[in-house]
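Asks: The structure's right below; bear with me while I get my questions together.
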Amino acid sequence: MRRLAKPAGRYNLVLEEVPIPEPGPTEVRVKAVRSLISRGSEIGRRYTRDEAIDPQMMGYSMSGIVDAVGESVTHIGVGDRVVISAPHADYVVRDAIMRSDDDRPLVYPIDPAVDFDAAPYWSLVSGCVTWAAGEEAAPTDTIVIVGQGLVGSLLLQVHKANGIRRVVAIDALDMRCELAGKLGADVVINAAHEDPVQAVHKLTSGAGAEIVVYAVGGPAGPKAFDQSLEMLARGGLLHLVGRYEDAPLPFWSHKFAGKRMFEGYYPRTKRMAEAKRGMDLLASGTINTDLMTTHRFAFSDAPAAFDLLYRRSGETLGVLLDWTHDET
């Protein structure tokens with residue numbers, strides 16, 4: 001089988017031949033159909049790094065078909081359609097047994113209404129369900145999402161599904177701003193053409209937003225973080241989701257006075273309920289993955305897919321790898 005690997009060297013991706021893995025007693029093996037590249041982590045934490053990356057870190061959003069099960073697995077069978085948190089590869093093996101409701105499932109059945117192209121978004125959607133729940137937003141709150149990449153776009157749709165009446169999307173790329181409007185943002189602010197801090201304060205009669213989600217990261221992160229603090233209301237919550245800035249964030253105490261903050265990756269309970277909610281949102285069409293998916297590549301063209309995401313971010317959002325089609 002082939003899997004995506006990142007040896008030492010920036011932008012150095014290869015497809016390497018390795019043996020097909022065998023599942024253990026509590027595991028299942030899945031034949032990949034589609035996998036989704038997460039630009040934030042896979043570009044910022046993998047593709048652009050000098051060091052070699054463990055192949056198990058190369059991806060975490062896949063849909064496929066179970067082709068082998070361990071002897072202790074009874075709730076999943078051969079032939080089942082599943083989503084799986086696993087790296088980009090022909091075949092992957094993951095533990096299918098849940099030890100407690102606090103665990104996040106690594107393998108989850110695909111609803112019949114969800115196709116293989118939409119299913120890889122499940123991992124990020126269920127994560128956004130968790131993050132949105134942690135914000136404890138009221139329907140009347142103004143929620144500002146700074147950054148409309150995959151996570152920002154999905155959080156926008158989850159919040160609208162939760163009944164938030166005013167969700168504001170901010171980005172500096174025209175394509176992402178246009179898409180945010182189509183995905184249901186009540187207000188879209190293009191930071192390349194207007195000051196987003198002034199725009200949010202005008203929108204909220206000078207009070208600021210009750211919740212601001214920082215979903216930028218990367219080189220643009222420090223400036224966006226500073227702006228996020230400035231557009232937050234007194235007593236408001238700053239939710240940090242973006243990462244991989246490779247630079248300190250400007251944490252000015254006078255700007256943070258009287259405000260709250262938490263970082264996006266935090267332990268939660270009710271993971272199974274949140275996993276189901278994520279799949280239900282995909283099945284209902286509430287999460288519009290057709291609009292979010294901008295490109296599809298054969299898996300053998302994975303290096304070109306990563307290069308496109310890195311060099312042409314203004315044209316890309318969701319990029320899928322097709323593991324049923326080989327260009328070589």
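By order of appearance in the structure tokens: chains A, B, ..., then residues from 1 within every chain, and ligands from 1 in the order shown.
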Taking a cut-off of 12 Å and counting only C-alpha atoms, can you build a table that, for each residue of region 203-317 of chain A near region 41-51 of chain A, reports the nearest atom pair and how far apart they are in Å (one decimal), sorted by chain then residue number, as a tab-separated table?
Replies:
residue	atom	partner	partner_atom	distance
A:Ala215	CA	A:Ser41	CA	11.9
A:Val216	CA	A:Gly44	CA	11.3
A:Gly217	CA	A:Gly44	CA	8.6
A:Gly218	CA	A:Gly44	CA	6.6
A:Pro219	CA	A:Gly44	CA	9.5
A:Ala220	CA	A:Gly44	CA	11.9
A:Gly221	CA	A:Gly44	CA	11.8
A:Val241	CA	A:Ser41	CA	11.2
A:Gly242	CA	A:Ser41	CA	9.3
A:Arg243	CA	A:Ser41	CA	7.8
A:Tyr244	CA	A:Gly44	CA	5.8
A:Glu245	CA	A:Gly44	CA	8.2
A:Asp246	CA	A:Gly44	CA	9.2
A:Ala302	CA	A:Tyr47	CA	11.5
A:Pro303	CA	A:Tyr47	CA	9.5
A:Ala304	CA	A:Tyr47	CA	11.7
A:Ala305	CA	A:Ile43	CA	10.8
A:Phe306	CA	A:Ile43	CA	7.3
A:Asp307	CA	A:Tyr47	CA	8.8
A:Leu308	CA	A:Ile43	CA	10.6
A:Leu309	CA	A:Ile43	CA	7.8
A:Tyr310	CA	A:Ile43	CA	6.7
A:Arg311	CA	A:Ile43	CA	10.4
A:Ser313	CA	A:Ile43	CA	10.9
Asks: Keeping only N, CA, C and O atoms, write the selected residues as a short mmCIF file (atom, residue, chain, number, x, y, z; two decimals), in the first residue's frame.
Replies:
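Result went into result-v5.cif, see below:
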data_model
loop_
_atom_site.label_atom_id
_atom_site.label_comp_id
_atom_site.auth_asym_id
_atom_site.auth_seq_id
_atom_site.Cartn_x
_atom_site.Cartn_y
_atom_site.Cartn_z
N ALA A 215 -9.45 32.35 14.64
CA ALA A 215 -9.26 31.13 13.86
C ALA A 215 -8.31 31.38 12.70
O ALA A 215 -8.52 30.87 11.60
N VAL A 216 -7.28 32.16 12.94
CA VAL A 216 -6.34 32.53 11.88
C VAL A 216 -5.07 31.69 11.98
O VAL A 216 -4.87 30.75 11.23
N GLY A 217 -4.19 32.00 12.91
CA GLY A 217 -2.92 31.30 12.99
C GLY A 217 -1.99 31.68 11.85
O GLY A 217 -2.30 32.55 11.03
N GLY A 218 -0.83 31.02 11.77
CA GLY A 218 0.12 31.28 10.71
C GLY A 218 0.70 32.69 10.81
O GLY A 218 0.54 33.39 11.82
N PRO A 219 1.37 33.15 9.76
CA PRO A 219 2.03 34.46 9.79
C PRO A 219 1.09 35.63 10.07
O PRO A 219 1.51 36.64 10.64
N ALA A 220 -0.16 35.52 9.65
CA ALA A 220 -1.11 36.62 9.88
C ALA A 220 -1.66 36.62 11.30
O ALA A 220 -2.38 37.55 11.68
N GLY A 221 -1.30 35.62 12.09
CA GLY A 221 -1.88 35.45 13.41
C GLY A 221 -1.68 36.57 14.40
O GLY A 221 -2.65 37.03 15.02
N VAL A 241 -8.50 29.36 18.58
CA VAL A 241 -8.50 28.12 17.82
C VAL A 241 -7.29 28.07 16.88
O VAL A 241 -6.71 27.03 16.66
N GLY A 242 -6.89 29.22 16.32
CA GLY A 242 -5.75 29.27 15.41
C GLY A 242 -4.44 28.91 16.09
O GLY A 242 -4.27 29.09 17.30
N ARG A 243 -3.50 28.40 15.28
CA ARG A 243 -2.20 27.97 15.80
C ARG A 243 -1.10 28.19 14.76
O ARG A 243 -1.35 28.65 13.66
N TYR A 244 0.13 27.81 15.17
CA TYR A 244 1.30 27.75 14.29
C TYR A 244 1.72 29.10 13.75
O TYR A 244 2.10 29.27 12.59
N GLU A 245 1.67 30.13 14.63
CA GLU A 245 2.12 31.46 14.23
C GLU A 245 3.64 31.54 14.15
O GLU A 245 4.19 32.38 13.45
N ASP A 246 4.33 30.68 14.92
CA ASP A 246 5.80 30.73 15.01
C ASP A 246 6.29 32.10 15.47
O ASP A 246 7.39 32.55 15.09
N ALA A 302 -0.88 14.04 -4.38
CA ALA A 302 -0.92 14.72 -3.07
C ALA A 302 0.12 15.83 -2.95
O ALA A 302 -0.20 16.91 -2.42
N PRO A 303 1.37 15.65 -3.40
CA PRO A 303 2.32 16.77 -3.29
C PRO A 303 1.84 18.02 -4.01
O PRO A 303 2.02 19.14 -3.52
N ALA A 304 1.20 17.86 -5.16
CA ALA A 304 0.68 19.02 -5.89
C ALA A 304 -0.47 19.66 -5.13
O ALA A 304 -0.63 20.89 -5.15
N ALA A 305 -1.28 18.84 -4.45
CA ALA A 305 -2.40 19.38 -3.66
C ALA A 305 -1.88 20.24 -2.52
O ALA A 305 -2.41 21.33 -2.25
N PHE A 306 -0.85 19.76 -1.82
CA PHE A 306 -0.27 20.54 -0.73
C PHE A 306 0.36 21.82 -1.25
O PHE A 306 0.25 22.88 -0.62
N ASP A 307 1.04 21.74 -2.38
CA ASP A 307 1.67 22.93 -2.96
C ASP A 307 0.62 23.98 -3.32
O ASP A 307 0.81 25.18 -3.09
N LEU A 308 -0.51 23.53 -3.84
CA LEU A 308 -1.60 24.45 -4.18
C LEU A 308 -2.12 25.14 -2.93
O LEU A 308 -2.32 26.37 -2.91
N LEU A 309 -2.35 24.37 -1.86
CA LEU A 309 -2.86 24.96 -0.62
C LEU A 309 -1.88 25.97 -0.05
O LEU A 309 -2.29 27.00 0.50
N TYR A 310 -0.60 25.69 -0.16
CA TYR A 310 0.41 26.57 0.41
C TYR A 310 0.58 27.85 -0.40
O TYR A 310 0.65 28.95 0.16
N ARG A 311 0.62 27.73 -1.71
CA ARG A 311 0.99 28.86 -2.55
C ARG A 311 -0.21 29.67 -3.06
O ARG A 311 -0.05 30.82 -3.46
N SER A 313 -3.51 30.20 -1.45
CA SER A 313 -4.55 30.12 -0.43
C SER A 313 -5.79 30.93 -0.79
O SER A 313 -6.89 30.64 -0.31
#
Asks: For Gln56 (chain A), find every residue with an atom within 9 Å (counting only C-alpha atoms), except residues of its own chain fewer than 3 positions away, and show them as a list in words.
Replies: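 My reading of the contact set: Ala5, Ile53, Gly59, Tyr60, Ala86, Pro87 and His88 of chain A.
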Asks: Write to file, as a PDB file, in the first residue's frame, the residues of the selection just made, with N, CA, C and O atoms.
Replies:
ATOM      1  N   ALA A   5       4.054  10.579   3.216  1.00  0.00           N
ATOM      2  CA  ALA A   5       5.115  10.745   4.211  1.00  0.00           C
ATOM      3  C   ALA A   5       5.805  12.090   4.002  1.00  0.00           C
ATOM      4  O   ALA A   5       5.816  12.645   2.897  1.00  0.00           O
ATOM      5  N   ILE A  53       8.404  14.320   9.650  1.00  0.00           N
ATOM      6  CA  ILE A  53       7.170  14.217  10.422  1.00  0.00           C
ATOM      7  C   ILE A  53       6.733  12.755  10.467  1.00  0.00           C
ATOM      8  O   ILE A  53       6.774  12.052   9.447  1.00  0.00           O
ATOM      9  N   GLY A  59      -2.338  13.815   8.471  1.00  0.00           N
ATOM     10  CA  GLY A  59      -3.754  13.753   8.176  1.00  0.00           C
ATOM     11  C   GLY A  59      -4.567  13.156   9.306  1.00  0.00           C
ATOM     12  O   GLY A  59      -4.043  12.389  10.121  1.00  0.00           O
ATOM     13  N   TYR A  60      -5.859  13.502   9.337  1.00  0.00           N
ATOM     14  CA  TYR A  60      -6.738  12.963  10.380  1.00  0.00           C
ATOM     15  C   TYR A  60      -8.206  12.955   9.981  1.00  0.00           C
ATOM     16  O   TYR A  60      -9.081  12.779  10.830  1.00  0.00           O
ATOM     17  N   ALA A  86      -7.481   9.384  10.854  1.00  0.00           N
ATOM     18  CA  ALA A  86      -6.311   8.623  10.443  1.00  0.00           C
ATOM     19  C   ALA A  86      -5.567   9.386   9.355  1.00  0.00           C
ATOM     20  O   ALA A  86      -6.131  10.252   8.687  1.00  0.00           O
ATOM     21  N   PRO A  87      -4.291   9.064   9.153  1.00  0.00           N
ATOM     22  CA  PRO A  87      -3.480   9.771   8.158  1.00  0.00           C
ATOM     23  C   PRO A  87      -3.826   9.360   6.733  1.00  0.00           C
ATOM     24  O   PRO A  87      -4.536   8.376   6.495  1.00  0.00           O
ATOM     25  N   HIS A  88      -3.287  10.133   5.772  1.00  0.00           N
ATOM     26  CA  HIS A  88      -3.510   9.861   4.356  1.00  0.00           C
ATOM     27  C   HIS A  88      -2.775   8.579   3.953  1.00  0.00           C
ATOM     28  O   HIS A  88      -1.539   8.536   3.935  1.00  0.00           O
TER      29      HIS A  88
END
Asks: Run DSSP on the backbone and grab whatever in region 101-169 of chain A lands in alpha helix (DSSP H); send it over as an NGL selection string.
Replies: :A and (122-135 or 150-161)
Asks: Which residues are near Pro23 (chain A)? Cut-off 6 Å, only C-alpha atoms, ignore same chain within fewer than 5 positions. Put them as number ranges by chain.
Replies: A: 28-29, 70, 93
Asks: What's around Asp186 (chain A) at 7 Å? Count only C-alpha atoms, leave out sequence neighbours fewer than 2 positions away in its own chain, and write the answer as a list in words.
Replies: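 Once the nearby chain positions are removed, what remains is Arg166, Val167, Val168, Gly184 and Val188 of chain A.
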Asks: Give me a file of those residues, with N, CA and C atoms, as a PDB file, in the first residue's frame.
Replies:
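The file below, selection20.pdb, is the result:
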ATOM      1  N   ARG A 166     -26.648  36.529  15.156  1.00  0.00           N
ATOM      2  CA  ARG A 166     -25.707  37.375  14.418  1.00  0.00           C
ATOM      3  C   ARG A 166     -24.300  36.795  14.517  1.00  0.00           C
ATOM      4  N   VAL A 167     -23.865  36.212  13.412  1.00  0.00           N
ATOM      5  CA  VAL A 167     -22.511  35.677  13.297  1.00  0.00           C
ATOM      6  C   VAL A 167     -21.782  36.514  12.254  1.00  0.00           C
ATOM      7  N   VAL A 168     -20.652  37.081  12.658  1.00  0.00           N
ATOM      8  CA  VAL A 168     -19.862  37.961  11.795  1.00  0.00           C
ATOM      9  C   VAL A 168     -18.617  37.209  11.339  1.00  0.00           C
ATOM     10  N   GLY A 184     -23.856  31.468   5.199  1.00  0.00           N
ATOM     11  CA  GLY A 184     -24.827  31.923   6.186  1.00  0.00           C
ATOM     12  C   GLY A 184     -24.394  33.015   7.122  1.00  0.00           C
ATOM     13  N   VAL A 188     -20.366  40.042   6.745  1.00  0.00           N
ATOM     14  CA  VAL A 188     -19.027  39.663   6.292  1.00  0.00           C
ATOM     15  C   VAL A 188     -18.170  40.919   6.227  1.00  0.00           C
TER      16      VAL A 188
END
